[in-house]
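Q: My file is upload_20.cif. It has mmCIF, C-alpha atoms and all ligand atoms:
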data_my_file
#
loop_
_atom_site.group_PDB
_atom_site.id
_atom_site.type_symbol
_atom_site.label_atom_id
_atom_site.label_comp_id
_atom_site.auth_asym_id
_atom_site.auth_seq_id
_atom_site.Cartn_x
_atom_site.Cartn_y
_atom_site.Cartn_z
ATOM 1 C CA ALA A 1 -56.885 -24.555 143.996
ATOM 2 C CA SER A 2 -53.262 -25.161 144.918
ATOM 3 C CA ARG A 3 -54.178 -28.811 145.559
ATOM 4 C CA LEU A 4 -54.888 -29.219 141.863
ATOM 5 C CA LYS A 5 -51.457 -28.149 140.524
ATOM 6 C CA GLY A 6 -49.638 -31.099 139.011
ATOM 7 C CA ARG A 7 -52.607 -33.459 139.204
ATOM 8 C CA ASP A 8 -53.823 -35.655 136.341
ATOM 9 C CA PHE A 9 -57.409 -35.376 135.089
ATOM 10 C CA LEU A 10 -58.256 -38.961 134.170
ATOM 11 C CA GLY A 11 -61.798 -39.158 135.516
ATOM 12 C CA LEU A 12 -64.248 -37.330 137.785
ATOM 13 C CA MET A 13 -63.949 -40.196 140.269
ATOM 14 C CA ASP A 14 -60.526 -38.828 141.322
ATOM 15 C CA TYR A 15 -61.891 -35.371 142.150
ATOM 16 C CA THR A 16 -63.860 -34.358 145.250
ATOM 17 C CA PRO A 17 -67.223 -32.581 144.880
ATOM 18 C CA GLU A 18 -65.504 -29.366 146.055
ATOM 19 C CA GLU A 19 -62.781 -29.696 143.414
ATOM 20 C CA ILE A 20 -65.365 -30.302 140.675
ATOM 21 C CA ARG A 21 -67.371 -27.274 141.826
ATOM 22 C CA TYR A 22 -64.173 -25.225 141.833
ATOM 23 C CA LEU A 23 -63.475 -26.232 138.204
ATOM 24 C CA LEU A 24 -67.067 -25.408 137.193
ATOM 25 C CA ASP A 25 -66.841 -21.953 138.793
ATOM 26 C CA LEU A 26 -63.459 -21.353 137.174
ATOM 27 C CA ALA A 27 -64.847 -22.409 133.767
ATOM 28 C CA ILE A 28 -67.683 -19.890 134.128
ATOM 29 C CA GLU A 29 -65.219 -17.179 135.187
ATOM 30 C CA LEU A 30 -62.859 -17.904 132.263
ATOM 31 C CA LYS A 31 -65.839 -17.797 129.893
ATOM 32 C CA ARG A 32 -66.781 -14.376 131.267
ATOM 33 C CA LYS A 33 -63.203 -13.110 130.865
ATOM 34 C CA GLN A 34 -63.028 -14.374 127.283
ATOM 35 C CA LYS A 35 -66.351 -12.743 126.330
ATOM 36 C CA ALA A 36 -65.246 -9.466 127.952
ATOM 37 C CA GLY A 37 -62.047 -9.516 125.907
ATOM 38 C CA GLU A 38 -59.827 -9.791 129.000
ATOM 39 C CA VAL A 39 -56.475 -11.372 128.275
ATOM 40 C CA TYR A 40 -55.626 -14.112 130.792
ATOM 41 C CA GLN A 41 -52.432 -16.039 130.064
ATOM 42 C CA PRO A 42 -51.305 -18.085 133.054
ATOM 43 C CA LEU A 43 -49.757 -20.725 130.734
ATOM 44 C CA LYS A 44 -47.481 -18.368 128.806
ATOM 45 C CA GLY A 45 -44.485 -20.285 127.437
ATOM 46 C CA LYS A 46 -46.035 -23.685 128.186
ATOM 47 C CA SER A 47 -46.690 -26.498 125.709
ATOM 48 C CA LEU A 48 -49.419 -29.135 125.612
ATOM 49 C CA GLY A 49 -49.013 -32.406 123.672
ATOM 50 C CA MET A 50 -52.213 -33.880 122.255
ATOM 51 C CA ILE A 51 -52.056 -37.605 121.395
ATOM 52 C CA PHE A 52 -54.989 -38.711 119.244
ATOM 53 C CA GLU A 53 -55.694 -42.310 118.269
ATOM 54 C CA LYS A 54 -59.288 -41.525 117.149
ATOM 55 C CA SER A 55 -61.028 -38.761 115.188
ATOM 56 C CA SER A 56 -62.079 -35.502 116.809
ATOM 57 C CA THR A 57 -63.617 -32.162 115.931
ATOM 58 C CA ARG A 58 -64.557 -30.551 119.242
ATOM 59 C CA THR A 59 -61.856 -31.946 121.515
ATOM 60 C CA ARG A 60 -58.952 -31.138 119.262
ATOM 61 C CA ILE A 61 -60.111 -27.619 118.414
ATOM 62 C CA SER A 62 -61.164 -26.659 121.931
ATOM 63 C CA PHE A 63 -57.899 -27.837 123.522
ATOM 64 C CA GLU A 64 -55.772 -26.231 120.826
ATOM 65 C CA VAL A 65 -57.614 -22.903 120.923
ATOM 66 C CA GLY A 66 -57.894 -23.023 124.718
ATOM 67 C CA MET A 67 -54.162 -23.478 125.142
ATOM 68 C CA TYR A 68 -53.512 -20.577 122.757
ATOM 69 C CA GLN A 69 -55.909 -18.328 124.691
ATOM 70 C CA LEU A 70 -54.144 -19.209 127.957
ATOM 71 C CA GLY A 71 -50.855 -18.058 126.445
ATOM 72 C CA GLY A 72 -49.373 -21.453 125.561
ATOM 73 C CA GLN A 73 -49.168 -23.645 122.484
ATOM 74 C CA ALA A 74 -50.549 -27.075 121.608
ATOM 75 C CA LEU A 75 -49.041 -29.829 119.443
ATOM 76 C CA PHE A 76 -51.342 -32.230 117.616
ATOM 77 C CA LEU A 77 -49.730 -35.681 117.743
ATOM 78 C CA SER A 78 -51.618 -38.226 115.693
ATOM 79 C CA ARG A 79 -50.768 -41.726 116.892
ATOM 80 C CA ASN A 80 -49.813 -42.768 113.384
ATOM 81 C CA ASP A 81 -47.302 -39.960 113.034
ATOM 82 C CA ILE A 82 -45.416 -40.567 116.279
ATOM 83 C CA GLN A 83 -43.257 -43.591 117.060
ATOM 84 C CA MET A 84 -45.959 -44.971 119.386
ATOM 85 C CA GLY A 85 -47.768 -46.011 116.197
ATOM 86 C CA ARG A 86 -44.720 -48.165 115.333
ATOM 87 C CA GLY A 87 -44.532 -49.789 118.713
ATOM 88 C CA GLU A 88 -42.571 -47.409 120.971
ATOM 89 C CA THR A 89 -43.959 -48.123 124.408
ATOM 90 C CA ILE A 90 -46.358 -45.779 126.152
ATOM 91 C CA ARG A 91 -43.901 -45.519 129.048
ATOM 92 C CA ASP A 92 -40.982 -44.444 126.852
ATOM 93 C CA THR A 93 -43.288 -42.021 125.054
ATOM 94 C CA ALA A 94 -44.424 -40.589 128.398
ATOM 95 C CA MET A 95 -40.867 -40.236 129.731
ATOM 96 C CA THR A 96 -39.645 -38.571 126.531
ATOM 97 C CA MET A 97 -42.557 -36.188 126.145
ATOM 98 C CA SER A 98 -42.266 -35.156 129.806
ATOM 99 C CA ARG A 99 -38.826 -33.675 128.981
ATOM 100 C CA TYR A 100 -40.336 -31.249 126.437
ATOM 101 C CA LEU A 101 -43.931 -30.598 127.419
ATOM 102 C CA ASP A 102 -45.859 -29.203 130.385
ATOM 103 C CA GLY A 103 -49.005 -31.275 129.915
ATOM 104 C CA LEU A 104 -50.454 -34.077 127.802
ATOM 105 C CA ILE A 105 -53.895 -35.070 126.629
ATOM 106 C CA ILE A 106 -54.679 -38.460 125.143
ATOM 107 C CA ARG A 107 -57.657 -39.830 123.203
ATOM 108 C CA THR A 108 -57.329 -43.589 122.938
ATOM 109 C CA PHE A 109 -59.232 -46.874 122.811
ATOM 110 C CA GLY A 110 -58.244 -48.749 125.943
ATOM 111 C CA HIS A 111 -58.497 -46.766 129.160
ATOM 112 C CA ARG A 112 -55.399 -48.542 130.467
ATOM 113 C CA ASN A 113 -53.385 -46.556 127.877
ATOM 114 C CA VAL A 114 -54.504 -43.377 129.623
ATOM 115 C CA VAL A 115 -53.514 -44.759 133.013
ATOM 116 C CA GLU A 116 -50.179 -46.028 131.705
ATOM 117 C CA LEU A 117 -49.351 -42.681 130.105
ATOM 118 C CA ALA A 118 -50.176 -40.891 133.353
ATOM 119 C CA ARG A 119 -48.064 -43.337 135.344
ATOM 120 C CA GLY A 120 -45.055 -42.884 133.048
ATOM 121 C CA ALA A 121 -45.308 -39.109 132.700
ATOM 122 C CA THR A 122 -43.978 -36.559 135.170
ATOM 123 C CA ILE A 123 -46.362 -33.910 133.785
ATOM 124 C CA PRO A 124 -50.188 -33.742 134.167
ATOM 125 C CA VAL A 125 -52.161 -36.025 131.831
ATOM 126 C CA ILE A 126 -55.755 -35.343 130.766
ATOM 127 C CA ASN A 127 -58.164 -38.019 129.498
ATOM 128 C CA ALA A 128 -59.545 -36.667 126.208
ATOM 129 C CA LEU A 129 -61.824 -39.748 125.799
ATOM 130 C CA SER A 130 -61.266 -43.434 126.264
ATOM 131 C CA ASP A 131 -63.604 -46.388 125.891
ATOM 132 C CA GLN A 132 -64.306 -46.054 129.609
ATOM 133 C CA SER A 133 -64.906 -42.348 130.093
ATOM 134 C CA HIS A 134 -65.042 -38.806 128.717
ATOM 135 C CA PRO A 135 -64.672 -36.566 131.772
ATOM 136 C CA CYS A 136 -63.903 -33.310 129.883
ATOM 137 C CA GLN A 137 -67.256 -33.603 128.115
ATOM 138 C CA ALA A 138 -69.123 -34.303 131.365
ATOM 139 C CA LEU A 139 -67.501 -31.282 133.047
ATOM 140 C CA ALA A 140 -68.525 -29.026 130.136
ATOM 141 C CA ASP A 141 -72.035 -30.510 130.248
ATOM 142 C CA TYR A 142 -72.486 -29.816 133.951
ATOM 143 C CA GLN A 143 -71.197 -26.282 133.368
ATOM 144 C CA THR A 144 -73.943 -25.943 130.743
ATOM 145 C CA VAL A 145 -76.623 -27.250 133.111
ATOM 146 C CA LEU A 146 -75.425 -24.938 135.896
ATOM 147 C CA GLU A 147 -75.595 -21.932 133.565
ATOM 148 C CA MET A 148 -79.043 -22.847 132.259
ATOM 149 C CA LYS A 149 -80.680 -24.005 135.503
ATOM 150 C CA GLY A 150 -78.725 -22.038 138.104
ATOM 151 C CA ARG A 151 -78.065 -25.176 140.169
ATOM 152 C CA LEU A 152 -77.180 -28.864 139.882
ATOM 153 C CA GLU A 153 -78.120 -30.469 143.190
ATOM 154 C CA GLY A 154 -81.438 -32.273 143.059
ATOM 155 C CA LEU A 155 -81.853 -32.060 139.274
ATOM 156 C CA LYS A 156 -82.782 -35.232 137.409
ATOM 157 C CA ILE A 157 -80.565 -36.145 134.439
ATOM 158 C CA VAL A 158 -81.742 -39.032 132.282
ATOM 159 C CA TYR A 159 -79.346 -40.794 129.937
ATOM 160 C CA ILE A 160 -80.968 -42.829 127.151
ATOM 161 C CA GLY A 161 -79.025 -45.381 125.115
ATOM 162 C CA ASP A 162 -75.640 -47.073 125.160
ATOM 163 C CA GLY A 163 -74.019 -47.522 128.587
ATOM 164 C CA ASN A 164 -70.784 -46.094 127.164
ATOM 165 C CA ASN A 165 -68.029 -43.641 128.106
ATOM 166 C CA MET A 166 -70.513 -40.735 128.206
ATOM 167 C CA ALA A 167 -72.937 -42.644 130.425
ATOM 168 C CA HIS A 168 -70.080 -43.426 132.815
ATOM 169 C CA SER A 169 -68.732 -39.883 133.110
ATOM 170 C CA LEU A 170 -72.173 -38.293 133.427
ATOM 171 C CA MET A 171 -73.113 -40.828 136.106
ATOM 172 C CA MET A 172 -69.918 -40.244 138.053
ATOM 173 C CA GLY A 173 -70.360 -36.460 137.797
ATOM 174 C CA ALA A 174 -73.987 -36.671 138.936
ATOM 175 C CA SER A 175 -73.016 -38.736 141.977
ATOM 176 C CA LYS A 176 -70.381 -36.175 142.989
ATOM 177 C CA LEU A 177 -72.718 -33.234 142.409
ATOM 178 C CA GLY A 178 -75.721 -34.549 144.335
ATOM 179 C CA MET A 179 -77.954 -35.075 141.313
ATOM 180 C CA HIS A 180 -80.502 -37.759 140.421
ATOM 181 C CA PHE A 181 -79.112 -39.798 137.517
ATOM 182 C CA ALA A 182 -81.229 -42.388 135.689
ATOM 183 C CA SER A 183 -80.147 -44.355 132.638
ATOM 184 C CA ALA A 184 -82.154 -46.543 130.280
ATOM 185 C CA SER A 185 -80.266 -49.014 128.078
ATOM 186 C CA PRO A 186 -81.190 -52.247 126.308
ATOM 187 C CA GLU A 187 -80.240 -55.570 127.935
ATOM 188 C CA GLY A 188 -76.549 -56.172 127.323
ATOM 189 C CA TYR A 189 -75.738 -52.479 126.834
ATOM 190 C CA GLU A 190 -75.976 -51.315 130.450
ATOM 191 C CA PRO A 191 -73.229 -49.149 131.982
ATOM 192 C CA ASP A 192 -70.300 -51.016 133.541
ATOM 193 C CA ALA A 193 -71.341 -52.632 136.833
ATOM 194 C CA GLY A 194 -68.144 -51.601 138.630
ATOM 195 C CA ILE A 195 -68.565 -47.938 137.687
ATOM 196 C CA VAL A 196 -72.249 -48.037 138.701
ATOM 197 C CA GLN A 197 -71.208 -49.398 142.104
ATOM 198 C CA SER A 198 -68.581 -46.654 142.555
ATOM 199 C CA ALA A 199 -71.142 -44.010 141.604
ATOM 200 C CA LYS A 200 -73.635 -45.468 144.113
ATOM 201 C CA ASP A 201 -70.989 -45.455 146.841
ATOM 202 C CA VAL A 202 -70.273 -41.774 146.161
ATOM 203 C CA ALA A 203 -74.018 -41.042 145.975
ATOM 204 C CA SER A 204 -74.567 -42.439 149.467
ATOM 205 C CA GLU A 205 -72.282 -39.685 150.761
ATOM 206 C CA THR A 206 -73.478 -36.759 148.635
ATOM 207 C CA GLY A 207 -77.237 -37.402 148.634
ATOM 208 C CA ALA A 208 -77.234 -38.185 144.905
ATOM 209 C CA ARG A 209 -79.375 -40.964 143.465
ATOM 210 C CA ILE A 210 -78.267 -43.419 140.748
ATOM 211 C CA GLU A 211 -80.777 -45.591 138.878
ATOM 212 C CA VAL A 212 -79.868 -48.010 136.082
ATOM 213 C CA LEU A 213 -83.032 -48.968 134.176
ATOM 214 C CA HIS A 214 -84.119 -50.547 130.908
ATOM 215 C CA ASP A 215 -87.381 -48.743 130.120
ATOM 216 C CA PRO A 216 -86.761 -45.282 128.595
ATOM 217 C CA ARG A 217 -90.339 -44.173 129.369
ATOM 218 C CA GLU A 218 -89.900 -44.975 133.044
ATOM 219 C CA ALA A 219 -86.495 -43.271 133.194
ATOM 220 C CA VAL A 220 -87.572 -40.054 131.495
ATOM 221 C CA GLU A 221 -90.395 -39.316 133.972
ATOM 222 C CA ASN A 222 -89.928 -35.759 135.329
ATOM 223 C CA ALA A 223 -86.505 -35.304 133.739
ATOM 224 C CA ASP A 224 -84.774 -31.925 133.959
ATOM 225 C CA ILE A 225 -82.234 -33.104 131.381
ATOM 226 C CA ILE A 226 -82.438 -35.761 128.676
ATOM 227 C CA TYR A 227 -79.062 -36.841 127.338
ATOM 228 C CA THR A 228 -78.277 -39.282 124.561
ATOM 229 C CA ASP A 229 -75.266 -40.370 122.493
ATOM 230 C CA VAL A 230 -74.623 -42.429 119.366
ATOM 231 C CA TRP A 231 -75.553 -46.121 119.447
ATOM 232 C CA ALA A 232 -72.190 -47.210 118.020
ATOM 233 C CA SER A 233 -69.231 -45.339 119.500
ATOM 234 C CA MET A 234 -65.825 -45.045 117.839
ATOM 235 C CA GLY A 235 -64.361 -48.533 117.679
ATOM 236 C CA PHE A 236 -67.800 -50.208 117.429
ATOM 237 C CA GLU A 237 -68.625 -49.220 113.839
ATOM 238 C CA GLU A 238 -68.855 -52.822 112.662
ATOM 239 C CA GLU A 239 -71.698 -53.414 115.156
ATOM 240 C CA GLN A 240 -73.779 -50.576 113.650
ATOM 241 C CA LYS A 241 -76.510 -52.799 112.117
ATOM 242 C CA GLU A 242 -76.899 -55.030 115.132
ATOM 243 C CA ARG A 243 -77.006 -52.002 117.424
ATOM 244 C CA GLU A 244 -79.676 -50.305 115.297
ATOM 245 C CA ARG A 245 -81.879 -53.300 116.077
ATOM 246 C CA ALA A 246 -81.034 -53.407 119.786
ATOM 247 C CA PHE A 247 -81.622 -49.661 120.279
ATOM 248 C CA ARG A 248 -84.742 -49.342 118.101
ATOM 249 C CA ASN A 249 -86.924 -48.393 121.087
ATOM 250 C CA TYR A 250 -84.372 -45.987 122.531
ATOM 251 C CA GLN A 251 -84.772 -43.060 120.177
ATOM 252 C CA VAL A 252 -85.239 -39.675 121.861
ATOM 253 C CA ASN A 253 -88.263 -38.396 119.943
ATOM 254 C CA GLU A 254 -91.283 -36.141 120.445
ATOM 255 C CA ALA A 255 -93.315 -38.883 122.158
ATOM 256 C CA LEU A 256 -90.586 -39.758 124.662
ATOM 257 C CA VAL A 257 -89.779 -36.185 125.715
ATOM 258 C CA GLN A 258 -93.456 -35.576 126.587
ATOM 259 C CA LYS A 259 -92.767 -37.295 129.900
ATOM 260 C CA ALA A 260 -89.990 -34.888 130.883
ATOM 261 C CA LYS A 261 -90.504 -31.506 132.571
ATOM 262 C CA ALA A 262 -91.695 -28.833 130.123
ATOM 263 C CA ASP A 263 -88.416 -26.925 130.490
ATOM 264 C CA PHE A 264 -86.145 -29.972 130.132
ATOM 265 C CA LEU A 265 -82.775 -29.549 128.433
ATOM 266 C CA PHE A 266 -81.893 -31.842 125.549
ATOM 267 C CA MET A 267 -78.180 -32.659 125.542
ATOM 268 C CA HIS A 268 -75.821 -34.627 123.289
ATOM 269 C CA CYS A 269 -72.020 -34.622 123.288
ATOM 270 C CA LEU A 270 -71.951 -34.700 119.450
ATOM 271 C CA PRO A 271 -71.302 -35.883 116.836
ATOM 272 C CA ALA A 272 -74.932 -37.050 116.447
ATOM 273 C CA HIS A 273 -76.478 -39.584 114.121
ATOM 274 C CA ARG A 274 -79.569 -37.531 113.344
ATOM 275 C CA GLY A 275 -82.679 -39.693 112.890
ATOM 276 C CA GLU A 276 -81.153 -42.552 114.890
ATOM 277 C CA GLU A 277 -80.668 -41.856 118.600
ATOM 278 C CA VAL A 278 -82.527 -38.526 118.325
ATOM 279 C CA THR A 279 -85.007 -37.005 115.878
ATOM 280 C CA GLU A 280 -84.305 -33.733 114.077
ATOM 281 C CA VAL A 281 -87.324 -32.168 115.821
ATOM 282 C CA VAL A 282 -85.789 -32.768 119.253
ATOM 283 C CA ILE A 283 -82.130 -32.026 118.491
ATOM 284 C CA ASP A 284 -83.037 -28.784 116.678
ATOM 285 C CA GLY A 285 -85.914 -27.930 119.038
ATOM 286 C CA PRO A 286 -86.128 -25.110 121.609
ATOM 287 C CA ASN A 287 -84.983 -27.356 124.487
ATOM 288 C CA SER A 288 -81.746 -28.364 122.798
ATOM 289 C CA VAL A 289 -78.476 -26.899 124.136
ATOM 290 C CA ILE A 290 -76.048 -28.962 122.052
ATOM 291 C CA PHE A 291 -73.951 -26.063 120.804
ATOM 292 C CA ASP A 292 -73.690 -24.511 124.260
ATOM 293 C CA GLU A 293 -72.236 -27.823 125.401
ATOM 294 C CA ALA A 294 -69.808 -27.785 122.485
ATOM 295 C CA GLU A 295 -68.757 -24.205 123.308
ATOM 296 C CA ASN A 296 -68.276 -25.042 126.966
ATOM 297 C CA ARG A 297 -65.690 -27.676 126.094
ATOM 298 C CA LEU A 298 -63.390 -24.714 125.488
ATOM 299 C CA HIS A 299 -64.093 -23.006 128.800
ATOM 300 C CA ALA A 300 -64.182 -26.164 130.939
ATOM 301 C CA GLN A 301 -60.890 -27.445 129.514
ATOM 302 C CA LYS A 302 -59.248 -24.055 129.973
ATOM 303 C CA ALA A 303 -60.256 -24.336 133.620
ATOM 304 C CA ILE A 304 -58.741 -27.833 133.880
ATOM 305 C CA MET A 305 -55.497 -26.747 132.212
ATOM 306 C CA ALA A 306 -55.184 -23.527 134.212
ATOM 307 C CA ALA A 307 -55.746 -25.483 137.421
ATOM 308 C CA ILE A 308 -53.438 -28.474 136.914
ATOM 309 C CA MET A 309 -50.662 -27.249 134.579
HETATM 310 N N1 LIG A 401 -67.821 -34.520 121.925
HETATM 311 C C1 LIG A 401 -66.585 -34.770 121.445
HETATM 312 O O1 LIG A 401 -65.669 -35.192 122.149
HETATM 313 O O2 LIG A 401 -66.443 -34.482 120.119
HETATM 314 P P1 LIG A 401 -65.199 -34.816 119.165
HETATM 315 O O3 LIG A 401 -65.174 -36.317 118.990
HETATM 316 O O4 LIG A 401 -65.513 -34.073 117.902
HETATM 317 O O5 LIG A 401 -63.948 -34.334 119.823
HETATM 318 N N1 LIG A 402 -69.478 -42.227 122.808
HETATM 319 C C1 LIG A 402 -68.896 -41.511 121.702
HETATM 320 C C2 LIG A 402 -68.556 -40.108 122.134
HETATM 321 C C3 LIG A 402 -67.880 -39.275 121.079
HETATM 322 C C4 LIG A 402 -67.531 -37.903 121.560
HETATM 323 C C5 LIG A 402 -67.663 -42.260 121.215
HETATM 324 O O1 LIG A 402 -66.898 -42.755 122.062
HETATM 325 O O2 LIG A 402 -67.485 -42.387 120.008
#
Show the structure stored in the file as structure tokens.

A:
Amino acid sequence: ASRLKGRDFLGLMDYTPEEIRYLLDLAIELKRKQKAGEVYQPLKGKSLGMIFEKSSTRTRISFEVGMYQLGGQALFLSRNDIQMGRGETIRDTAMTMSRYLDGLIIRTFGHRNVVELARGATIPVINALSDQSHPCQALADYQTVLEMKGRLEGLKIVYIGDGNNMAHSLMMGASKLGMHFASASPEGYEPDAGIVQSAKDVASETGARIEVLHDPREAVENADIIYTDVWASMGFEEEQKERERAFRNYQVNEALVQKAKADFLFMHCLPAHRGEEVTEVVIDGPNSVIFDEAENRLHAQKAIMAAIM
């Protein structure tokens, strides 16, 4: 645990399997404390800055409430309201904010902004979603799977759809946690080849298995978890129509889930485009755990903050 103090949380790639398991256990413990009404405030007197360049419901609320529960406070800093929106450099922003704050989160378009902020800051920086990855969501999702299934190793998680930030973070997490990850995306929308290679390299050491496929029916065979996300992520709205055509055969519906295990979990980071990437029957069905995932954002991020800040 002491090895985590002061560290950034930019992606699961930077954390060892043991460190990820430690964070998952801590998240479950902090959830238990919260439900039991136990006050736990290791971050009393500390402040978290939250830089947002894109919309958010879950991330903003769960970080803000989480920081409050841990005894600290959070400041919502919309990009347009701080000088960064008028061209102050990320480095100057990082140096300045480090003089006031004890931690920073950033939700931005280019992942290099996250890296640059972390490089310039002397306080821990957390990736709250970039075009490349969404590690806080993946951590909360694996907490959810662990709670529901009692284990992670050996489980098959199938990701259907766009090879986006969610696909990347879930894949990286699965490789660290010894799981079998399979994705199915249309031609041209596969996950990033470099990230797939890194995940495969990790998998060769942990016993995980990483498959990048095109056919959703093949991928979903024997799935313990079926995960999907929107076809057009934030920043890709103008491609909506063209993506609807490309992803037509990638809807998670009643026919597709037949091929999964009977007790499969349906997962989605939210927000969802109901009737597009998933049907109402599946997302509202008995296998769906979407709101448990949303809740666990709070507990998983409290664990990250308590560990690194
Ligand atoms: N899943 C997620 O990050 O949701 P928000 O965009 O609402 O924060
Ligand atoms: N892939 C989605 C996730 C939103 C939480 C996006 O980047 O918009």

Q: Measuring between all atoms listed in the file, which one of A:Trp231, A:Phe109, A:Tyr250, A:Phe63 shows the shortest distance to ligand LIG 401 (chain A)?

A: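 Among the listed residues, A:Phe63 lies closest to ligand LIG 401 (chain A).
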
Q: Kindly assemble as JSON lines a list of the chain A residues that lie within 10 Å of ligand LIG 402 (chain A), each paired with its nearest atom pair and their distance in Å to one decimal, using only C-alpha atoms and all ligand atoms, sorted first by chain and then by ascending residue number.

A:
{"residue": "A:Lys54", "atom": "CA", "partner": "A:LIG402", "partner_atom": "O2", "distance": 8.7}
{"residue": "A:Ser55", "atom": "CA", "partner": "A:LIG402", "partner_atom": "O2", "distance": 8.8}
{"residue": "A:Ser56", "atom": "CA", "partner": "A:LIG402", "partner_atom": "C4", "distance": 7.6}
{"residue": "A:Thr57", "atom": "CA", "partner": "A:LIG402", "partner_atom": "C4", "distance": 8.9}
{"residue": "A:Arg58", "atom": "CA", "partner": "A:LIG402", "partner_atom": "C4", "distance": 8.3}
{"residue": "A:Thr59", "atom": "CA", "partner": "A:LIG402", "partner_atom": "C4", "distance": 8.2}
{"residue": "A:Arg107", "atom": "CA", "partner": "A:LIG402", "partner_atom": "O1", "distance": 9.8}
{"residue": "A:Thr108", "atom": "CA", "partner": "A:LIG402", "partner_atom": "O1", "distance": 9.6}
{"residue": "A:Phe109", "atom": "CA", "partner": "A:LIG402", "partner_atom": "O1", "distance": 8.7}
{"residue": "A:Ala128", "atom": "CA", "partner": "A:LIG402", "partner_atom": "C4", "distance": 9.3}
{"residue": "A:Leu129", "atom": "CA", "partner": "A:LIG402", "partner_atom": "O1", "distance": 7.0}
{"residue": "A:Ser130", "atom": "CA", "partner": "A:LIG402", "partner_atom": "O1", "distance": 7.1}
{"residue": "A:Asp131", "atom": "CA", "partner": "A:LIG402", "partner_atom": "O1", "distance": 6.2}
{"residue": "A:Gln132", "atom": "CA", "partner": "A:LIG402", "partner_atom": "O1", "distance": 8.6}
{"residue": "A:Ser133", "atom": "CA", "partner": "A:LIG402", "partner_atom": "O1", "distance": 8.3}
{"residue": "A:His134", "atom": "CA", "partner": "A:LIG402", "partner_atom": "C2", "distance": 7.6}
{"residue": "A:Gln137", "atom": "CA", "partner": "A:LIG402", "partner_atom": "C4", "distance": 7.8}
{"residue": "A:Asp162", "atom": "CA", "partner": "A:LIG402", "partner_atom": "N1", "distance": 8.2}
{"residue": "A:Gly163", "atom": "CA", "partner": "A:LIG402", "partner_atom": "N1", "distance": 9.1}
{"residue": "A:Asn164", "atom": "CA", "partner": "A:LIG402", "partner_atom": "N1", "distance": 6.0}
{"residue": "A:Asn165", "atom": "CA", "partner": "A:LIG402", "partner_atom": "N1", "distance": 5.7}
{"residue": "A:Met166", "atom": "CA", "partner": "A:LIG402", "partner_atom": "N1", "distance": 5.7}
{"residue": "A:Ala167", "atom": "CA", "partner": "A:LIG402", "partner_atom": "N1", "distance": 8.4}
{"residue": "A:Thr228", "atom": "CA", "partner": "A:LIG402", "partner_atom": "N1", "distance": 9.4}
{"residue": "A:Asp229", "atom": "CA", "partner": "A:LIG402", "partner_atom": "N1", "distance": 6.1}
{"residue": "A:Val230", "atom": "CA", "partner": "A:LIG402", "partner_atom": "N1", "distance": 6.2}
{"residue": "A:Trp231", "atom": "CA", "partner": "A:LIG402", "partner_atom": "N1", "distance": 8.0}
{"residue": "A:Ala232", "atom": "CA", "partner": "A:LIG402", "partner_atom": "O2", "distance": 7.0}
{"residue": "A:Ser233", "atom": "CA", "partner": "A:LIG402", "partner_atom": "O2", "distance": 3.5}
{"residue": "A:Met234", "atom": "CA", "partner": "A:LIG402", "partner_atom": "O2", "distance": 3.8}
{"residue": "A:Gly235", "atom": "CA", "partner": "A:LIG402", "partner_atom": "O2", "distance": 7.3}
{"residue": "A:Phe236", "atom": "CA", "partner": "A:LIG402", "partner_atom": "O2", "distance": 8.2}
{"residue": "A:Glu237", "atom": "CA", "partner": "A:LIG402", "partner_atom": "O2", "distance": 9.3}
{"residue": "A:His268", "atom": "CA", "partner": "A:LIG402", "partner_atom": "C4", "distance": 9.1}
{"residue": "A:Cys269", "atom": "CA", "partner": "A:LIG402", "partner_atom": "C4", "distance": 5.8}
{"residue": "A:Leu270", "atom": "CA", "partner": "A:LIG402", "partner_atom": "C4", "distance": 5.9}
{"residue": "A:Pro271", "atom": "CA", "partner": "A:LIG402", "partner_atom": "C4", "distance": 6.4}
{"residue": "A:Ala272", "atom": "CA", "partner": "A:LIG402", "partner_atom": "C3", "distance": 8.7}

Q: Point out the residue among A:Val257, A:Met171, A:Ala118, A:Ile160 with the least atom-to-atom distance to Glu221 in chain A, counting only C-alpha atoms.

A: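 Closest to Glu221 in chain A of all the choices is A:Val257.
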
Q: Measuring between all atoms listed in the file, which one of A:Gly188, A:Pro135, A:Gly178, A:Gly173 shows the shortest distance to Arg151 in chain A?

A: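 Checking each of A:Gly188, A:Pro135, A:Gly178, A:Gly173 against Arg151 in chain A, counting all atoms listed in the file, the winner is A:Gly178.
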
Q: Using all atoms listed in the file, determine which residues lie at most 9 Å from Ala27 in chain A, disregarding the query and same-chain residues fewer than 2 positions distant; provide the list as JSON, numbers by chain.

A: {"A": [22, 23, 24, 25, 29, 30, 31, 32, 140, 143, 296, 298, 299, 300, 301, 302, 303, 304]}

Q: Give the padded box for ligand LIG 401 (chain A) as AutoDock Vina command-line options: axis-aligned, covering all atoms listed in the file, 5 Å on each side, centre and edge lengths in Å to one decimal.

A:
--center_x -65.9 --center_y -35.2 --center_z 120.0 --size_x 13.9 --size_y 12.2 --size_z 14.2

Q: Once the PyMOL selection byres (((chain A and resi 117) around 9) and not hetatm) is applied to the coordinates I shared, what remains selected? I want it as a PyMOL selection string.

A: chain A and resi 90-91+93-95+104+106+112-116+118-121+125

Q: List, as a list in words, every residue that the PyMOL selection byres (((chain A and resi 79) around 10) and not hetatm) selects in the file provided.

A: Met50, Ile51, Phe52, Glu53, Lys54, Phe76, Leu77, Ser78, Asn80, Asp81, Ile82, Gln83, Met84, Gly85, Arg86, Ile106, Arg107 and Thr108 of chain A

Q: Applied to the shown file, which residues does the PyMOL selection byres (((chain A and resi 200) around 10) and not hetatm) return, written as a list in words?

A: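 Selected by the PyMOL selection byres (((chain A and resi 200) around 10) and not hetatm) in this file: Met171, Met172, Ser175, Lys176, Gly194, Ile195, Val196, Gln197, Ser198, Ala199, Asp201, Val202, Ala203, Ser204, Glu205, Thr206, Gly207, Ala208, Arg209, Ile210 and Glu211 of chain A.
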